[in-house]
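Visitor: What follows is a structure written as C-alpha cells; I'll ask about it next.
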Amino acid sequence: MNCLQEQHSRCNSGSGGFTLVELAIVLVIFALLAGGLVVTLSAQQDIQRLAETRRQMADIREALLGYAVSNGRLPPPADPTKATSTAGAGLIDEGRVTGVLPWATLGLPETDPWGRRYTYRVRTEFADLPLGATIPTCTPTPLPALATFALCSAGNITVSDGLVDIATNLPAIVVSHGKNGLGAYLQDGTPISGASGEELENANNDTKFIAHAQTTSFDDEVVWIPLPILMNRMIAAGRLP
C-alpha cells in the first residue's frame with residue numbers, strides 16, 4: 001500500500017506543473033516574442049511617419065505653387081532661429097533666400113512628423129523682387145507686370161543623387177531631415193548639429209542638394225519646384241508672360 005501511494009505521489013508530482021527549466025524556457029520565448037513585437041511596432045511607426053512626411057511635402061509643393069499664383073512670386077523662407085512662441089515665427093522674412101518653410105504664412109504644419117522644421121531655399125528673383133523690377137537673369141521686354149520673374153528666368157538650385165545631377169535650374173527646394181534630424185531646426189529655433197556626408201550637403205546653406213533612396217547614413221526627404229511646372233501654373237493663372 002505504501003509503495004502504491006509513493007508511486008501515485010510521484011506520478012502526480014510529475015504531471016502537476018512545470019519544472020524550473022521548463023518555466024525558464026517559456027519566459028525566454030515570451031521575451032523573444034515581446035522583443036520582436038517592440039521592433040515591429042517601432043518599424044511601423046517609422047513607416048507611418050515617413051509616409052506622412054511625403055504626404056506633407058506633396059502639400060507643401062502645392063502650397064508653394066498656390067502662393068506663387070496668388071502673389072506673383074514664391075514666398076521667402078522664414079527665420080529658422082525664431083522660437084514658435086516668438087513674434088513673426090513662421091512668417092516670410094523678406095530678403096532671405098535660405099531658412100525654414102514659412103509654415104504660418106502658408107497655413108501648413110510647422111514640423112515634419114519627427115518634430116523638426118522643414119529647410120527651404122529659394123532663388124531671390126522668384127521670391128523677393130518687387131513687381132516690375134529688373135530681373136537679374138534675363139531682360140524681357142516688357143517686364144512682367146504681375147510676377148517678379150519672367151519666362152526667361154532661371155533657377156540656381158541643383159539636386160544630385162550623389163553621382164549625377166537629377167534636377168537643375170530649380171527655383172526652390174524643401175528638405176525634411178528625416179528621423180535623425182541632423183541639420184534641421186527645432187521649434188525653439190536651435191539647429192541639430194552633427195550632419196555629415198550627403199546629409200551635410202542638405203544643411204550647409206548652399207545651392208546643391210542630395211536626393212536618393214534612404215540608407216543607413218541618409219534619411220533626408222527632398223521635394224522641389226521644377227521650373228517648367230512653376231511657369232505653366234503662372235501662365236495658366238494669367239501671371240505670365
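Going through the C-alpha cells in order, the chains are called A, B, and so on, while each chain numbers its residues from 1 and the ligands are numbered from 1 in the order shown.
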Wanna dump the range 64-173 of chain A-range 197-211 of chain A contacts at 12 Å for me, each residue with its shortest atom pair and the distance in Å to one decimal, counting only C-alpha atoms, ordered by chain and number, as JSON lines?
Guide:
```
{"residue": "A:Pro80", "atom": "CA", "partner": "A:Asn205", "partner_atom": "CA", "distance": 12.0}
{"residue": "A:Arg96", "atom": "CA", "partner": "A:Asn205", "partner_atom": "CA", "distance": 11.5}
{"residue": "A:Val97", "atom": "CA", "partner": "A:Asn205", "partner_atom": "CA", "distance": 9.2}
{"residue": "A:Thr98", "atom": "CA", "partner": "A:Asn205", "partner_atom": "CA", "distance": 6.5}
{"residue": "A:Gly99", "atom": "CA", "partner": "A:Asn205", "partner_atom": "CA", "distance": 8.2}
{"residue": "A:Val100", "atom": "CA", "partner": "A:Asn205", "partner_atom": "CA", "distance": 11.0}
{"residue": "A:Tyr118", "atom": "CA", "partner": "A:Ala203", "partner_atom": "CA", "distance": 10.8}
{"residue": "A:Thr119", "atom": "CA", "partner": "A:Ala203", "partner_atom": "CA", "distance": 7.9}
{"residue": "A:Tyr120", "atom": "CA", "partner": "A:Asn205", "partner_atom": "CA", "distance": 9.5}
{"residue": "A:Arg121", "atom": "CA", "partner": "A:Thr207", "partner_atom": "CA", "distance": 8.0}
{"residue": "A:Val122", "atom": "CA", "partner": "A:Thr207", "partner_atom": "CA", "distance": 9.0}
{"residue": "A:Arg123", "atom": "CA", "partner": "A:Thr207", "partner_atom": "CA", "distance": 9.1}
{"residue": "A:Gly155", "atom": "CA", "partner": "A:Thr207", "partner_atom": "CA", "distance": 9.9}
{"residue": "A:Asn156", "atom": "CA", "partner": "A:Thr207", "partner_atom": "CA", "distance": 6.7}
{"residue": "A:Ile157", "atom": "CA", "partner": "A:Thr207", "partner_atom": "CA", "distance": 4.8}
{"residue": "A:Thr158", "atom": "CA", "partner": "A:Lys208", "partner_atom": "CA", "distance": 5.0}
{"residue": "A:Val159", "atom": "CA", "partner": "A:Phe209", "partner_atom": "CA", "distance": 4.7}
{"residue": "A:Ser160", "atom": "CA", "partner": "A:Ile210", "partner_atom": "CA", "distance": 5.0}
{"residue": "A:Asp161", "atom": "CA", "partner": "A:Ala211", "partner_atom": "CA", "distance": 5.2}
{"residue": "A:Gly162", "atom": "CA", "partner": "A:Ile210", "partner_atom": "CA", "distance": 6.2}
{"residue": "A:Leu163", "atom": "CA", "partner": "A:Ile210", "partner_atom": "CA", "distance": 9.4}
{"residue": "A:Val164", "atom": "CA", "partner": "A:Ile210", "partner_atom": "CA", "distance": 9.9}
{"residue": "A:Asp165", "atom": "CA", "partner": "A:Ile210", "partner_atom": "CA", "distance": 9.0}
{"residue": "A:Ile166", "atom": "CA", "partner": "A:Ala211", "partner_atom": "CA", "distance": 8.6}
{"residue": "A:Ala167", "atom": "CA", "partner": "A:Phe209", "partner_atom": "CA", "distance": 9.7}
{"residue": "A:Thr168", "atom": "CA", "partner": "A:Lys208", "partner_atom": "CA", "distance": 9.5}
{"residue": "A:Asn169", "atom": "CA", "partner": "A:Thr207", "partner_atom": "CA", "distance": 10.3}
{"residue": "A:Leu170", "atom": "CA", "partner": "A:Thr207", "partner_atom": "CA", "distance": 9.4}
{"residue": "A:Pro171", "atom": "CA", "partner": "A:Thr207", "partner_atom": "CA", "distance": 10.1}
{"residue": "A:Ala172", "atom": "CA", "partner": "A:Thr207", "partner_atom": "CA", "distance": 9.6}
{"residue": "A:Ile173", "atom": "CA", "partner": "A:Phe209", "partner_atom": "CA", "distance": 8.8}
```
Visitor: Write out as a list of chain:residue names each polymer residue whose atoms come within 7 Å of range 68-78 of chain A, counting only C-alpha atoms; drop sequence neighbours fewer than 3 positions from it.
Guide: A:Leu64, A:Leu65, A:Gly90, A:Leu91, A:Ile92, A:Asp93, A:Glu94, A:Arg96, A:Val97, A:Thr98, A:Gly99, A:Val100, A:Leu101, A:Pro102, A:Tyr120, A:Arg121, A:Val122, A:Phe126, A:Ala127, A:Asp128, A:Leu146, A:Ala147, A:Thr148, A:Arg233, A:Met234, A:Ala237, A:Arg239
Visitor: Quick one: pull the distance between CA of Asp46 in chain A and CA of Ser193 in chain A, Å, one decimal.
Guide: 21.6 Å
Visitor: Check the DSSP output for the backbone and give back, as a PyMOL selection string, the residues of range 44-168 of chain A in alpha helix (DSSP H).
Guide: chain A and resi 44-71+103-106
